[in-house]
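Data file: model-v6.cif. Format and content: mmCIF, N, CA and C atoms, pLDDT in the B column; chains and numbers go by the auth columns.
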data_target
loop_
_atom_site.group_PDB
_atom_site.id
_atom_site.type_symbol
_atom_site.label_atom_id
_atom_site.label_comp_id
_atom_site.label_asym_id
_atom_site.label_seq_id
_atom_site.Cartn_x
_atom_site.Cartn_y
_atom_site.Cartn_z
_atom_site.B_iso_or_equiv
_atom_site.auth_seq_id
_atom_site.auth_asym_id
ATOM 1 N N MET A 1 111.919 96.892 95.100 71.00 1234 A
ATOM 2 C CA MET A 1 112.936 97.721 94.457 71.00 1234 A
ATOM 3 C C MET A 1 112.684 99.173 94.804 71.00 1234 A
ATOM 4 N N GLU A 2 113.725 99.882 95.151 87.00 1235 A
ATOM 5 C CA GLU A 2 113.635 101.308 95.464 87.00 1235 A
ATOM 6 C C GLU A 2 113.952 102.103 94.198 87.00 1235 A
ATOM 7 N N TYR A 3 112.924 102.541 93.511 95.00 1236 A
ATOM 8 C CA TYR A 3 113.114 103.240 92.243 95.00 1236 A
ATOM 9 C C TYR A 3 113.417 104.726 92.428 95.00 1236 A
ATOM 10 N N LYS A 4 113.208 105.255 93.600 93.00 1237 A
ATOM 11 C CA LYS A 4 113.323 106.698 93.821 93.00 1237 A
ATOM 12 C C LYS A 4 114.738 107.226 93.584 93.00 1237 A
ATOM 13 N N ASP A 5 115.740 106.381 93.657 94.00 1238 A
ATOM 14 C CA ASP A 5 117.110 106.814 93.369 94.00 1238 A
ATOM 15 C C ASP A 5 117.422 106.783 91.879 94.00 1238 A
ATOM 16 N N ILE A 6 116.552 106.180 91.086 98.00 1239 A
ATOM 17 C CA ILE A 6 116.802 106.024 89.653 98.00 1239 A
ATOM 18 C C ILE A 6 115.863 106.894 88.818 98.00 1239 A
ATOM 19 N N ILE A 7 114.594 106.934 89.179 98.00 1240 A
ATOM 20 C CA ILE A 7 113.608 107.700 88.416 98.00 1240 A
ATOM 21 C C ILE A 7 113.619 109.145 88.914 98.00 1240 A
ATOM 22 N N THR A 8 113.827 110.074 87.983 97.00 1241 A
ATOM 23 C CA THR A 8 113.889 111.493 88.327 97.00 1241 A
ATOM 24 C C THR A 8 112.819 112.265 87.564 97.00 1241 A
ATOM 25 N N ILE A 9 112.342 113.333 88.181 96.00 1242 A
ATOM 26 C CA ILE A 9 111.370 114.207 87.531 96.00 1242 A
ATOM 27 C C ILE A 9 111.901 115.627 87.634 96.00 1242 A
ATOM 28 N N GLU A 10 112.168 116.214 86.466 95.00 1243 A
ATOM 29 C CA GLU A 10 112.678 117.577 86.396 95.00 1243 A
ATOM 30 C C GLU A 10 111.750 118.384 85.490 95.00 1243 A
ATOM 31 N N PRO A 11 111.201 119.491 85.989 94.00 1244 A
ATOM 32 C CA PRO A 11 110.231 120.266 85.206 94.00 1244 A
ATOM 33 C C PRO A 11 110.721 120.653 83.811 94.00 1244 A
ATOM 34 N N GLY A 12 111.993 120.957 83.652 93.00 1245 A
ATOM 35 C CA GLY A 12 112.509 121.403 82.362 93.00 1245 A
ATOM 36 C C GLY A 12 112.974 120.301 81.435 93.00 1245 A
ATOM 37 N N LYS A 13 112.845 119.065 81.846 94.00 1246 A
ATOM 38 C CA LYS A 13 113.316 117.940 81.033 94.00 1246 A
ATOM 39 C C LYS A 13 112.142 117.071 80.630 94.00 1246 A
ATOM 40 N N ARG A 14 111.984 116.896 79.319 95.00 1247 A
ATOM 41 C CA ARG A 14 110.905 116.062 78.767 95.00 1247 A
ATOM 42 C C ARG A 14 109.543 116.439 79.364 95.00 1247 A
ATOM 43 N N SER A 15 109.331 117.730 79.534 95.00 1248 A
ATOM 44 C CA SER A 15 108.066 118.284 80.045 95.00 1248 A
ATOM 45 C C SER A 15 107.697 117.739 81.422 95.00 1248 A
ATOM 46 N N GLY A 16 108.698 117.417 82.223 96.00 1249 A
ATOM 47 C CA GLY A 16 108.448 116.944 83.577 96.00 1249 A
ATOM 48 C C GLY A 16 108.063 115.489 83.687 96.00 1249 A
ATOM 49 N N LYS A 17 108.218 114.740 82.598 97.00 1250 A
ATOM 50 C CA LYS A 17 107.906 113.306 82.647 97.00 1250 A
ATOM 51 C C LYS A 17 108.985 112.575 83.441 97.00 1250 A
ATOM 52 N N PRO A 18 108.619 111.476 84.091 98.00 1251 A
ATOM 53 C CA PRO A 18 109.610 110.692 84.845 98.00 1251 A
ATOM 54 C C PRO A 18 110.672 110.116 83.904 98.00 1251 A
ATOM 55 N N CYS A 19 111.933 110.402 84.212 98.00 1252 A
ATOM 56 C CA CYS A 19 113.062 109.964 83.387 98.00 1252 A
ATOM 57 C C CYS A 19 113.979 109.056 84.201 98.00 1252 A
ATOM 58 N N ILE A 20 114.894 108.439 83.495 98.00 1253 A
ATOM 59 C CA ILE A 20 115.854 107.542 84.129 98.00 1253 A
ATOM 60 C C ILE A 20 117.149 108.302 84.406 98.00 1253 A
ATOM 61 N N ARG A 21 117.501 108.398 85.691 97.00 1254 A
ATOM 62 C CA ARG A 21 118.761 109.003 86.149 97.00 1254 A
ATOM 63 C C ARG A 21 119.075 110.331 85.488 97.00 1254 A
ATOM 64 N N GLY A 22 118.059 111.166 85.291 95.00 1255 A
ATOM 65 C CA GLY A 22 118.277 112.494 84.736 95.00 1255 A
ATOM 66 C C GLY A 22 118.521 112.519 83.239 95.00 1255 A
ATOM 67 N N MET A 23 118.499 111.354 82.591 97.00 1256 A
ATOM 68 C CA MET A 23 118.662 111.298 81.142 97.00 1256 A
ATOM 69 C C MET A 23 117.348 111.706 80.486 97.00 1256 A
ATOM 70 N N ARG A 24 117.330 111.739 79.182 96.00 1257 A
ATOM 71 C CA ARG A 24 116.119 112.104 78.459 96.00 1257 A
ATOM 72 C C ARG A 24 115.284 110.876 78.081 96.00 1257 A
ATOM 73 N N ILE A 25 115.626 109.723 78.602 98.00 1258 A
ATOM 74 C CA ILE A 25 114.862 108.499 78.370 98.00 1258 A
ATOM 75 C C ILE A 25 113.807 108.414 79.473 98.00 1258 A
ATOM 76 N N THR A 26 112.534 108.347 79.069 98.00 1259 A
ATOM 77 C CA THR A 26 111.458 108.352 80.051 98.00 1259 A
ATOM 78 C C THR A 26 111.025 106.938 80.426 98.00 1259 A
ATOM 79 N N VAL A 27 110.338 106.862 81.550 98.00 1260 A
ATOM 80 C CA VAL A 27 109.723 105.595 81.971 98.00 1260 A
ATOM 81 C C VAL A 27 108.769 105.135 80.878 98.00 1260 A
ATOM 82 N N TYR A 28 108.009 106.070 80.335 98.00 1261 A
ATOM 83 C CA TYR A 28 107.054 105.748 79.269 98.00 1261 A
ATOM 84 C C TYR A 28 107.771 105.111 78.070 98.00 1261 A
ATOM 85 N N ASP A 29 108.924 105.659 77.689 98.00 1262 A
ATOM 86 C CA ASP A 29 109.680 105.088 76.565 98.00 1262 A
ATOM 87 C C ASP A 29 109.975 103.613 76.811 98.00 1262 A
ATOM 88 N N ILE A 30 110.489 103.312 77.989 98.00 1263 A
ATOM 89 C CA ILE A 30 110.859 101.937 78.315 98.00 1263 A
ATOM 90 C C ILE A 30 109.631 101.030 78.336 98.00 1263 A
ATOM 91 N N LEU A 31 108.544 101.506 78.936 98.00 1264 A
ATOM 92 C CA LEU A 31 107.317 100.702 78.966 98.00 1264 A
ATOM 93 C C LEU A 31 106.788 100.445 77.558 98.00 1264 A
ATOM 94 N N GLU A 32 106.881 101.442 76.696 98.00 1265 A
ATOM 95 C CA GLU A 32 106.453 101.269 75.304 98.00 1265 A
ATOM 96 C C GLU A 32 107.308 100.231 74.584 98.00 1265 A
ATOM 97 N N TYR A 33 108.611 100.277 74.800 98.00 1266 A
ATOM 98 C CA TYR A 33 109.496 99.292 74.169 98.00 1266 A
ATOM 99 C C TYR A 33 109.144 97.879 74.632 98.00 1266 A
ATOM 100 N N LEU A 34 108.934 97.726 75.929 98.00 1267 A
ATOM 101 C CA LEU A 34 108.572 96.407 76.458 98.00 1267 A
ATOM 102 C C LEU A 34 107.212 95.952 75.923 98.00 1267 A
ATOM 103 N N ALA A 35 106.252 96.865 75.879 98.00 1268 A
ATOM 104 C CA ALA A 35 104.912 96.526 75.397 98.00 1268 A
ATOM 105 C C ALA A 35 104.914 96.161 73.914 98.00 1268 A
ATOM 106 N N SER A 36 105.847 96.734 73.166 98.00 1269 A
ATOM 107 C CA SER A 36 105.909 96.428 71.735 98.00 1269 A
ATOM 108 C C SER A 36 106.605 95.097 71.460 98.00 1269 A
ATOM 109 N N GLY A 37 107.148 94.481 72.515 98.00 1270 A
ATOM 110 C CA GLY A 37 107.766 93.168 72.344 98.00 1270 A
ATOM 111 C C GLY A 37 109.270 93.144 72.463 98.00 1270 A
ATOM 112 N N MET A 38 109.903 94.299 72.656 98.00 1271 A
ATOM 113 C CA MET A 38 111.354 94.302 72.839 98.00 1271 A
ATOM 114 C C MET A 38 111.696 93.608 74.146 98.00 1271 A
ATOM 115 N N THR A 39 112.768 92.886 74.139 98.00 1272 A
ATOM 116 C CA THR A 39 113.231 92.252 75.369 98.00 1272 A
ATOM 117 C C THR A 39 114.127 93.234 76.123 98.00 1272 A
ATOM 118 N N GLN A 40 114.364 92.924 77.378 98.00 1273 A
ATOM 119 C CA GLN A 40 115.267 93.742 78.173 98.00 1273 A
ATOM 120 C C GLN A 40 116.645 93.772 77.519 98.00 1273 A
ATOM 121 N N ALA A 41 117.098 92.641 77.027 98.00 1274 A
ATOM 122 C CA ALA A 41 118.413 92.571 76.382 98.00 1274 A
ATOM 123 C C ALA A 41 118.465 93.467 75.142 98.00 1274 A
ATOM 124 N N GLU A 42 117.404 93.512 74.368 98.00 1275 A
ATOM 125 C CA GLU A 42 117.375 94.366 73.177 98.00 1275 A
ATOM 126 C C GLU A 42 117.409 95.847 73.553 98.00 1275 A
ATOM 127 N N ILE A 43 116.687 96.208 74.599 98.00 1276 A
ATOM 128 C CA ILE A 43 116.692 97.602 75.047 98.00 1276 A
ATOM 129 C C ILE A 43 118.091 97.990 75.519 98.00 1276 A
ATOM 130 N N LEU A 44 118.715 97.115 76.298 98.00 1277 A
ATOM 131 C CA LEU A 44 120.055 97.398 76.800 98.00 1277 A
ATOM 132 C C LEU A 44 121.078 97.467 75.667 98.00 1277 A
ATOM 133 N N GLU A 45 120.855 96.689 74.631 98.00 1278 A
ATOM 134 C CA GLU A 45 121.755 96.722 73.482 98.00 1278 A
ATOM 135 C C GLU A 45 121.603 98.041 72.718 98.00 1278 A
ATOM 136 N N ASP A 46 120.366 98.521 72.580 98.00 1279 A
ATOM 137 C CA ASP A 46 120.103 99.771 71.862 98.00 1279 A
ATOM 138 C C ASP A 46 120.499 101.009 72.666 98.00 1279 A
ATOM 139 N N PHE A 47 120.434 100.922 73.983 97.00 1280 A
ATOM 140 C CA PHE A 47 120.736 102.059 74.854 97.00 1280 A
ATOM 141 C C PHE A 47 121.815 101.638 75.848 97.00 1280 A
ATOM 142 N N SER A 48 123.057 101.751 75.450 97.00 1281 A
ATOM 143 C CA SER A 48 124.172 101.256 76.257 97.00 1281 A
ATOM 144 C C SER A 48 124.305 101.979 77.598 97.00 1281 A
ATOM 145 N N GLU A 49 123.700 103.168 77.717 98.00 1282 A
ATOM 146 C CA GLU A 49 123.778 103.908 78.971 98.00 1282 A
ATOM 147 C C GLU A 49 122.821 103.376 80.037 98.00 1282 A
ATOM 148 N N LEU A 50 121.900 102.492 79.652 98.00 1283 A
ATOM 149 C CA LEU A 50 120.940 101.920 80.594 98.00 1283 A
ATOM 150 C C LEU A 50 121.476 100.643 81.236 98.00 1283 A
ATOM 151 N N THR A 51 120.899 100.322 82.394 98.00 1284 A
ATOM 152 C CA THR A 51 121.226 99.068 83.080 98.00 1284 A
ATOM 153 C C THR A 51 119.937 98.288 83.306 98.00 1284 A
ATOM 154 N N SER A 52 120.083 97.038 83.668 98.00 1285 A
ATOM 155 C CA SER A 52 118.894 96.234 83.969 98.00 1285 A
ATOM 156 C C SER A 52 118.167 96.808 85.179 98.00 1285 A
ATOM 157 N N GLU A 53 118.897 97.416 86.109 98.00 1286 A
ATOM 158 C CA GLU A 53 118.263 98.061 87.269 98.00 1286 A
ATOM 159 C C GLU A 53 117.388 99.235 86.831 98.00 1286 A
ATOM 160 N N ASP A 54 117.795 99.941 85.789 98.00 1287 A
ATOM 161 C CA ASP A 54 116.988 101.045 85.271 98.00 1287 A
ATOM 162 C C ASP A 54 115.640 100.535 84.767 98.00 1287 A
ATOM 163 N N ILE A 55 115.667 99.424 84.063 98.00 1288 A
ATOM 164 C CA ILE A 55 114.425 98.859 83.525 98.00 1288 A
ATOM 165 C C ILE A 55 113.544 98.359 84.663 98.00 1288 A
ATOM 166 N N LYS A 56 114.132 97.715 85.637 98.00 1289 A
ATOM 167 C CA LYS A 56 113.361 97.264 86.799 98.00 1289 A
ATOM 168 C C LYS A 56 112.762 98.451 87.544 98.00 1289 A
ATOM 169 N N ALA A 57 113.502 99.545 87.623 98.00 1290 A
ATOM 170 C CA ALA A 57 113.003 100.746 88.291 98.00 1290 A
ATOM 171 C C ALA A 57 111.793 101.311 87.546 98.00 1290 A
ATOM 172 N N CYS A 58 111.819 101.260 86.224 98.00 1291 A
ATOM 173 C CA CYS A 58 110.668 101.719 85.433 98.00 1291 A
ATOM 174 C C CYS A 58 109.437 100.878 85.742 98.00 1291 A
ATOM 175 N N LEU A 59 109.616 99.580 85.805 97.00 1292 A
ATOM 176 C CA LEU A 59 108.496 98.694 86.112 97.00 1292 A
ATOM 177 C C LEU A 59 107.979 98.919 87.533 97.00 1292 A
ATOM 178 N N ALA A 60 108.878 99.104 88.468 97.00 1293 A
ATOM 179 C CA ALA A 60 108.475 99.359 89.853 97.00 1293 A
ATOM 180 C C ALA A 60 107.748 100.694 89.964 97.00 1293 A
ATOM 181 N N PHE A 61 108.234 101.710 89.265 97.00 1294 A
ATOM 182 C CA PHE A 61 107.584 103.024 89.264 97.00 1294 A
ATOM 183 C C PHE A 61 106.169 102.908 88.714 97.00 1294 A
ATOM 184 N N ALA A 62 106.026 102.216 87.584 96.00 1295 A
ATOM 185 C CA ALA A 62 104.706 102.054 86.963 96.00 1295 A
ATOM 186 C C ALA A 62 103.760 101.273 87.868 96.00 1295 A
ATOM 187 N N ALA A 63 104.252 100.239 88.506 95.00 1296 A
ATOM 188 C CA ALA A 63 103.415 99.450 89.414 95.00 1296 A
ATOM 189 C C ALA A 63 102.974 100.294 90.610 95.00 1296 A
ATOM 190 N N ASP A 64 103.882 101.084 91.146 94.00 1297 A
ATOM 191 C CA ASP A 64 103.556 101.940 92.286 94.00 1297 A
ATOM 192 C C ASP A 64 102.540 103.002 91.897 94.00 1297 A
ATOM 193 N N ARG A 65 102.713 103.574 90.731 92.00 1298 A
ATOM 194 C CA ARG A 65 101.772 104.593 90.250 92.00 1298 A
ATOM 195 C C ARG A 65 100.383 103.975 90.038 92.00 1298 A
ATOM 196 N N GLU A 66 100.345 102.796 89.481 91.00 1299 A
ATOM 197 C CA GLU A 66 99.071 102.096 89.268 91.00 1299 A
ATOM 198 C C GLU A 66 98.395 101.810 90.601 91.00 1299 A
ATOM 199 N N ARG A 67 99.169 101.363 91.573 88.00 1300 A
ATOM 200 C CA ARG A 67 98.617 101.082 92.902 88.00 1300 A
ATOM 201 C C ARG A 67 98.049 102.352 93.520 88.00 1300 A
ATOM 202 N N LYS A 68 98.760 103.443 93.392 85.00 1301 A
ATOM 203 C CA LYS A 68 98.287 104.721 93.950 85.00 1301 A
ATOM 204 C C LYS A 68 97.015 105.201 93.263 85.00 1301 A
ATOM 205 N N LEU A 69 96.913 104.996 91.958 79.00 1302 A
ATOM 206 C CA LEU A 69 95.696 105.369 91.229 79.00 1302 A
ATOM 207 C C LEU A 69 94.515 104.546 91.707 79.00 1302 A
ATOM 208 N N PHE A 70 94.738 103.262 91.936 71.00 1303 A
ATOM 209 C CA PHE A 70 93.676 102.370 92.384 71.00 1303 A
ATOM 210 C C PHE A 70 93.204 102.764 93.782 71.00 1303 A
ATOM 211 N N VAL A 71 94.120 103.036 94.680 64.00 1304 A
ATOM 212 C CA VAL A 71 93.780 103.411 96.046 64.00 1304 A
ATOM 213 C C VAL A 71 93.040 104.737 96.062 64.00 1304 A
ATOM 214 N N ALA A 72 93.485 105.679 95.225 62.00 1305 A
ATOM 215 C CA ALA A 72 92.855 107.000 95.185 62.00 1305 A
ATOM 216 C C ALA A 72 91.440 106.946 94.635 62.00 1305 A
ATOM 217 N N SER A 73 91.132 105.969 93.803 61.00 1306 A
ATOM 218 C CA SER A 73 89.806 105.901 93.207 61.00 1306 A
ATOM 219 C C SER A 73 88.780 105.215 94.108 61.00 1306 A
ATOM 220 N N LEU A 74 89.233 104.622 95.205 56.00 1307 A
ATOM 221 C CA LEU A 74 88.298 103.946 96.105 56.00 1307 A
ATOM 222 C C LEU A 74 87.550 104.933 96.884 56.00 1307 A
#
Encoded form using structure tokens:
Amino acid sequence: MEYKDIITIEPGKRSGKPCIRGMRITVYDILEYLASGMTQAEILEDFSELTSEDIKACLAFAADRERKLFVASL
């Protein structure tokens, strides 16, 4: 999945945290919702402006960041 078209980072928005399509919803927010047990369907129901591709982009972004952290620590 190519998340770079969906995940945006703007210095003046949410303190520069990675957000979804320039909105104020962060990747961290979505990961927290998933980690707390919310399903993708529940998140989409609560945030009608989101799509399933947005959630997949958050997961892909997090996986890529984790991979980069692992490679950098070697």
Problem - Residue among A:Leu1264, A:Leu1302, A:Met1234, A:Leu1277 lying closest to A:Pro1251, counting only C-alpha atoms - result: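 Closest residue, counting only C-alpha atoms: A:Leu1264.
In this comparison, which uses only C-alpha atoms, the residue of A:Met1271, A:Met1256, A:Ile1242, A:Ile1263 approaching A:Lys1289 most closely is A:Ile1263.
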Practice task
In Å, rounded to a single decimal, give me how far atom CA of A:Thr1241 is from atom CA of A:Gly1255.
Solution key: 5.8 Å
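Note that atom CA of A:Asp1287 and atom C of A:Leu1267 are 14.5 Å apart.
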Handout entry: Picked residues, the PyMOL selection byres (((chain A and resi 1280 and name CA) around 12) and name CA), expected as a ChimeraX atom specification
Key = /A:1253,1256-1258,1262-1263,1266,1273-1279,1281-1285,1287-1288
Problem - Separation of atom N of A:Asp1238 from atom C of A:Ser1269, in Å and rounded to one decimal - result: 26.5 Å
Exercise for the section: Determine the residue membership of the PyMOL selection byres ((chain A and resi 1293-1295) around 8) for the file above and supply it as JSON, numbers by chain. Expected result: {"A": [1234, 1235, 1236, 1237, 1240, 1260, 1287, 1288, 1289, 1290, 1291, 1292, 1296, 1297, 1298, 1299, 1300, 1301]}
Practice task
Please report, as a ChimeraX atom specification, each residue of chain A to which DSSP assigns alpha helix (DSSP H) when run on this structure's backbone.
Solution key: /A:1260-1268,1273-1279,1285-1306
Handout entry: DSSP-assigned strand (DSSP E) among chain A, expressed as a PyMOL selection string
Key = chain A and resi 1240-1241+1252-1253
